[in-house]
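Have a look at the structure below before the remarks.
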Amino acid sequence: MPEWLEVIIRTLFAVVMLFLLTKLLGKRQVSQLSFFEYITGITLGSIAAYVSLDTDKTWHLGVIALAVWVACSFSIEWLQIKSKKARDFIDFKSTVLIKDGKILEENMKKEKLSTDELLEELRKKDVFKVADVEFAIMESDGAINVLLTRENQPLTPKHLGIKVAPEQETQAVIMDGKILDEPLDTLNLSRGWLNGELEKQGLTVENVFLGQVDSYGELTVDLYADSVQLQPPQDKPQLYALLKKCEADLELFSLSTKNQDAKQLYEDCSGKLQKLLQSLKPFIQN
């Protein structure tokens, strides 16, 4: 066999082997790497290069070395799961860099982190003032997580005592101009419903690049033709406006009638409708 052809075959074999072994090691190998995973990734790549380029008769030793490294990686991960001391030793402990708005210089030196690097990481978290930070911690993978002081945290509905509707995963029901049946089944919807929603907007499935349905059953689409402007669905806002009008009419009837029984009935109905609107508001109002 010509040497160039042998190199091609070995390279393809090494690529497949490296892909399969990386799949076995899991997603963490391709996300934020720990210290040992960083070493493992470099070593596996080097051994794979050896397998593809070494044209003598010992290439199979590289495959054995790959298998040994993967076995070691599995063993290390198992040890980390079972022992916190092992995790701290292999991946290092998390380090507090800022506490109560004050930078801990000794910890900065320990992690060999400069002030400019720290400020850069804070800016990535949309934090521009150290005094606004309650805690900043460097994790074992090198990422820096930030907790703002209470007064500088974003305001949420919970802070205001407002209950919001639960949010579930949005499902893609159309992709590349084709209907996806499994997400529709997850939402307990049919193709007939989907085609009806598209007809309301004057669309067909073939016009849609991506169509998504949220947890409230509202369909939003992205078209192949980017120049086309779509009007947002108005069903829910119109329903909310109609219910508000009914509430206002009941209050008006209550004020205009002289019959005490009718007045009391209108007031009761208006109060019940007002409570109903308050509970439905997160679902149907923009």
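Every chain in the structure tokens takes a letter, A first, then B, and so on in the order presented; its residues are numbered from 1, and the ligands are numbered from 1 following the presented order.
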
I want to know what sits within 7 Å of Gly211 in chain A, based on only C-alpha atoms, with residues of the same chain fewer than 3 positions away left out; could you give that as a short mmCIF file (atom, residue, chain, number, x, y, z; two decimals) with N, CA and C atoms, in the first residue's frame?
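result_3.cif, freshly written:
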data_model
loop_
_atom_site.label_atom_id
_atom_site.label_comp_id
_atom_site.auth_asym_id
_atom_site.auth_seq_id
_atom_site.Cartn_x
_atom_site.Cartn_y
_atom_site.Cartn_z
N ALA A 172 -40.35 24.14 18.89
CA ALA A 172 -40.25 24.43 17.47
C ALA A 172 -41.14 23.44 16.73
N VAL A 173 -42.20 23.93 16.07
CA VAL A 173 -43.15 23.06 15.39
C VAL A 173 -42.98 23.09 13.87
N ILE A 174 -42.24 24.08 13.36
CA ILE A 174 -41.90 24.14 11.94
C ILE A 174 -40.41 24.47 11.84
N MET A 175 -39.71 23.72 11.03
CA MET A 175 -38.29 23.98 10.83
C MET A 175 -37.95 23.69 9.36
N VAL A 208 -42.38 29.29 5.87
CA VAL A 208 -41.86 29.47 7.23
C VAL A 208 -40.51 28.78 7.38
N LEU A 219 -48.40 31.05 18.42
CA LEU A 219 -47.47 30.71 17.34
C LEU A 219 -46.73 31.96 16.86
N THR A 220 -45.42 31.89 16.82
CA THR A 220 -44.60 32.94 16.23
C THR A 220 -43.74 32.31 15.14
N VAL A 221 -43.55 33.05 14.03
CA VAL A 221 -42.85 32.48 12.88
C VAL A 221 -41.75 33.40 12.40
N ASP A 222 -40.74 32.78 11.80
CA ASP A 222 -39.69 33.50 11.09
C ASP A 222 -39.74 33.01 9.65
#

Residues at most 12 Å from range 183-186 of chain A, counting only C-alpha atoms, excluding those fewer than 5 positions away in the same chain, as a PyMOL selection string?
chain A and resi 168-175+191-195+211-215+217+219

Return as a PyMOL selection string the full set of residues in range 127-174 of chain A whose backbone-based DSSP assignment is helix (DSSP H, G or I).
chain A and resi 130-132+150-152

Contacts of Asp126 in chain A at 12 Å or less, counting only C-alpha atoms, minus same-chain residues fewer than 6 places along, as an MDAnalysis selection string?
chainID A and resid 119:120 132:133 145:148 152:154

So which one's closest to Ala131 in chain A, A:Asn107, A:Thr149, A:Ser114, A:Ser254? Using only C-alpha atoms, please.
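Selected residue with least distance to Ala131 in chain A: A:Thr149.
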
Nearest residue to Gln274 in chain A from the set A:Leu61, A:Met138, A:Ile47, A:Cys246 (distances using only C-alpha atoms)
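When distances to Gln274 in chain A are compared using only C-alpha atoms, the smallest one comes from A:Cys246.
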
What does the distance between CA of Ser94 in chain A and CA of Asp116 in chain A come to in Å, to one decimal place?
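Pair CA of Ser94 in chain A / CA of Asp116 in chain A returns 20.1 Å.
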
Closest to Gly41 in chain A among A:Val63, A:Trp69, A:Lys85, A:Leu104, using only C-alpha atoms?
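The answer is A:Trp69, which sits nearest to Gly41 in chain A.
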
Best match for closeness to Leu122 in chain A among A:Phe13, A:Phe253, A:Phe135, A:Tyr224, counting only C-alpha atoms
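Closest residue, counting only C-alpha atoms: A:Phe135.
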
In range 71-279 of chain A, what's strand (DSSP E or B) per DSSP? Answer as JSON, numbers by chain?
{"A": [95, 96, 97, 98, 99, 102, 103, 133, 134, 135, 136, 137, 138, 144, 145, 146, 147, 148, 171, 172, 173, 174, 175, 178, 179, 208, 209, 210, 211, 212, 213, 219, 220, 221, 222, 223]}

Output for the residues just chosen: N, CA and C atoms as an mmCIF file, in the first residue's frame:
data_model
loop_
_atom_site.group_PDB
_atom_site.id
_atom_site.type_symbol
_atom_site.label_atom_id
_atom_site.label_comp_id
_atom_site.auth_asym_id
_atom_site.auth_seq_id
_atom_site.Cartn_x
_atom_site.Cartn_y
_atom_site.Cartn_z
ATOM 1 N N THR A 95 -12.479 30.039 44.484
ATOM 2 C CA THR A 95 -11.775 31.102 45.205
ATOM 3 C C THR A 95 -12.598 32.380 45.192
ATOM 4 N N VAL A 96 -12.814 32.964 46.365
ATOM 5 C CA VAL A 96 -13.545 34.230 46.463
ATOM 6 C C VAL A 96 -12.597 35.367 46.100
ATOM 7 N N LEU A 97 -12.976 36.164 45.102
ATOM 8 C CA LEU A 97 -12.143 37.284 44.650
ATOM 9 C C LEU A 97 -12.633 38.622 45.192
ATOM 10 N N ILE A 98 -13.959 38.739 45.368
ATOM 11 C CA ILE A 98 -14.547 39.975 45.908
ATOM 12 C C ILE A 98 -15.564 39.579 46.971
ATOM 13 N N LYS A 99 -15.521 40.250 48.110
ATOM 14 C CA LYS A 99 -16.475 40.002 49.180
ATOM 15 C C LYS A 99 -16.905 41.335 49.769
ATOM 16 N N LYS A 102 -15.326 44.447 48.303
ATOM 17 C CA LYS A 102 -13.887 44.663 48.474
ATOM 18 C C LYS A 102 -13.114 43.528 47.799
ATOM 19 N N ILE A 103 -12.099 43.898 47.029
ATOM 20 C CA ILE A 103 -11.266 42.923 46.333
ATOM 21 C C ILE A 103 -10.311 42.260 47.325
ATOM 22 N N VAL A 133 -20.688 44.754 43.933
ATOM 23 C CA VAL A 133 -20.574 43.295 43.953
ATOM 24 C C VAL A 133 -20.583 42.779 45.395
ATOM 25 N N GLU A 134 -21.502 41.861 45.684
ATOM 26 C CA GLU A 134 -21.531 41.196 46.986
ATOM 27 C C GLU A 134 -20.455 40.111 47.052
ATOM 28 N N PHE A 135 -20.452 39.245 46.036
ATOM 29 C CA PHE A 135 -19.448 38.186 45.928
ATOM 30 C C PHE A 135 -19.044 38.034 44.474
ATOM 31 N N ALA A 136 -17.770 37.762 44.249
ATOM 32 C CA ALA A 136 -17.271 37.326 42.948
ATOM 33 C C ALA A 136 -16.384 36.117 43.212
ATOM 34 N N ILE A 137 -16.711 35.003 42.592
ATOM 35 C CA ILE A 137 -16.025 33.740 42.876
ATOM 36 C C ILE A 137 -15.467 33.162 41.590
ATOM 37 N N MET A 138 -14.191 32.757 41.629
ATOM 38 C CA MET A 138 -13.600 32.027 40.517
ATOM 39 C C MET A 138 -13.828 30.543 40.732
ATOM 40 N N ILE A 144 -15.663 33.122 36.270
ATOM 41 C CA ILE A 144 -15.920 33.998 37.415
ATOM 42 C C ILE A 144 -17.412 34.308 37.460
ATOM 43 N N ASN A 145 -18.048 33.945 38.565
ATOM 44 C CA ASN A 145 -19.471 34.215 38.775
ATOM 45 C C ASN A 145 -19.632 35.353 39.773
ATOM 46 N N VAL A 146 -20.646 36.176 39.527
ATOM 47 C CA VAL A 146 -20.811 37.416 40.282
ATOM 48 C C VAL A 146 -22.210 37.469 40.894
ATOM 49 N N LEU A 147 -22.277 37.855 42.173
ATOM 50 C CA LEU A 147 -23.546 38.135 42.847
ATOM 51 C C LEU A 147 -23.550 39.600 43.246
ATOM 52 N N LEU A 148 -24.523 40.355 42.722
ATOM 53 C CA LEU A 148 -24.624 41.774 43.053
ATOM 54 C C LEU A 148 -25.240 41.954 44.432
ATOM 55 N N GLN A 171 -41.682 25.231 22.001
ATOM 56 C CA GLN A 171 -41.428 24.117 21.082
ATOM 57 C C GLN A 171 -41.352 24.629 19.642
ATOM 58 N N ALA A 172 -40.346 24.142 18.893
ATOM 59 C CA ALA A 172 -40.253 24.431 17.469
ATOM 60 C C ALA A 172 -41.138 23.438 16.725
ATOM 61 N N VAL A 173 -42.200 23.932 16.075
ATOM 62 C CA VAL A 173 -43.151 23.060 15.385
ATOM 63 C C VAL A 173 -42.975 23.087 13.869
ATOM 64 N N ILE A 174 -42.237 24.078 13.364
ATOM 65 C CA ILE A 174 -41.896 24.144 11.945
ATOM 66 C C ILE A 174 -40.412 24.467 11.840
ATOM 67 N N MET A 175 -39.715 23.722 11.030
ATOM 68 C CA MET A 175 -38.291 23.979 10.826
ATOM 69 C C MET A 175 -37.954 23.691 9.363
ATOM 70 N N LYS A 178 -40.853 22.570 7.136
ATOM 71 C CA LYS A 178 -41.467 21.265 7.373
ATOM 72 C C LYS A 178 -42.041 21.214 8.785
ATOM 73 N N ILE A 179 -43.214 20.579 8.914
ATOM 74 C CA ILE A 179 -43.871 20.460 10.208
ATOM 75 C C ILE A 179 -43.218 19.354 11.031
ATOM 76 N N VAL A 208 -42.383 29.290 5.870
ATOM 77 C CA VAL A 208 -41.856 29.471 7.227
ATOM 78 C C VAL A 208 -40.509 28.781 7.375
ATOM 79 N N PHE A 209 -39.505 29.554 7.790
ATOM 80 C CA PHE A 209 -38.192 28.980 8.097
ATOM 81 C C PHE A 209 -38.209 28.337 9.475
ATOM 82 N N LEU A 210 -38.782 29.036 10.447
ATOM 83 C CA LEU A 210 -38.888 28.513 11.815
ATOM 84 C C LEU A 210 -40.199 28.972 12.430
ATOM 85 N N GLY A 211 -40.947 28.022 12.990
ATOM 86 C CA GLY A 211 -42.173 28.342 13.704
ATOM 87 C C GLY A 211 -42.127 27.769 15.104
ATOM 88 N N GLN A 212 -42.468 28.588 16.114
ATOM 89 C CA GLN A 212 -42.405 28.162 17.513
ATOM 90 C C GLN A 212 -43.731 28.441 18.211
ATOM 91 N N VAL A 213 -44.100 27.544 19.112
ATOM 92 C CA VAL A 213 -45.307 27.711 19.922
ATOM 93 C C VAL A 213 -44.890 27.780 21.385
ATOM 94 N N LEU A 219 -48.404 31.048 18.415
ATOM 95 C CA LEU A 219 -47.468 30.708 17.339
ATOM 96 C C LEU A 219 -46.735 31.957 16.859
ATOM 97 N N THR A 220 -45.420 31.888 16.821
ATOM 98 C CA THR A 220 -44.603 32.943 16.226
ATOM 99 C C THR A 220 -43.745 32.312 15.136
ATOM 100 N N VAL A 221 -43.553 33.045 14.028
ATOM 101 C CA VAL A 221 -42.853 32.476 12.880
ATOM 102 C C VAL A 221 -41.752 33.402 12.396
ATOM 103 N N ASP A 222 -40.738 32.783 11.801
ATOM 104 C CA ASP A 222 -39.691 33.504 11.088
ATOM 105 C C ASP A 222 -39.735 33.013 9.650
ATOM 106 N N LEU A 223 -39.876 33.943 8.700
ATOM 107 C CA LEU A 223 -40.071 33.578 7.303
ATOM 108 C C LEU A 223 -38.764 33.550 6.530
#

Expressed in Å, the length from CA of Ser73 in chain A to CA of Ala143 in chain A is 21.9 Å
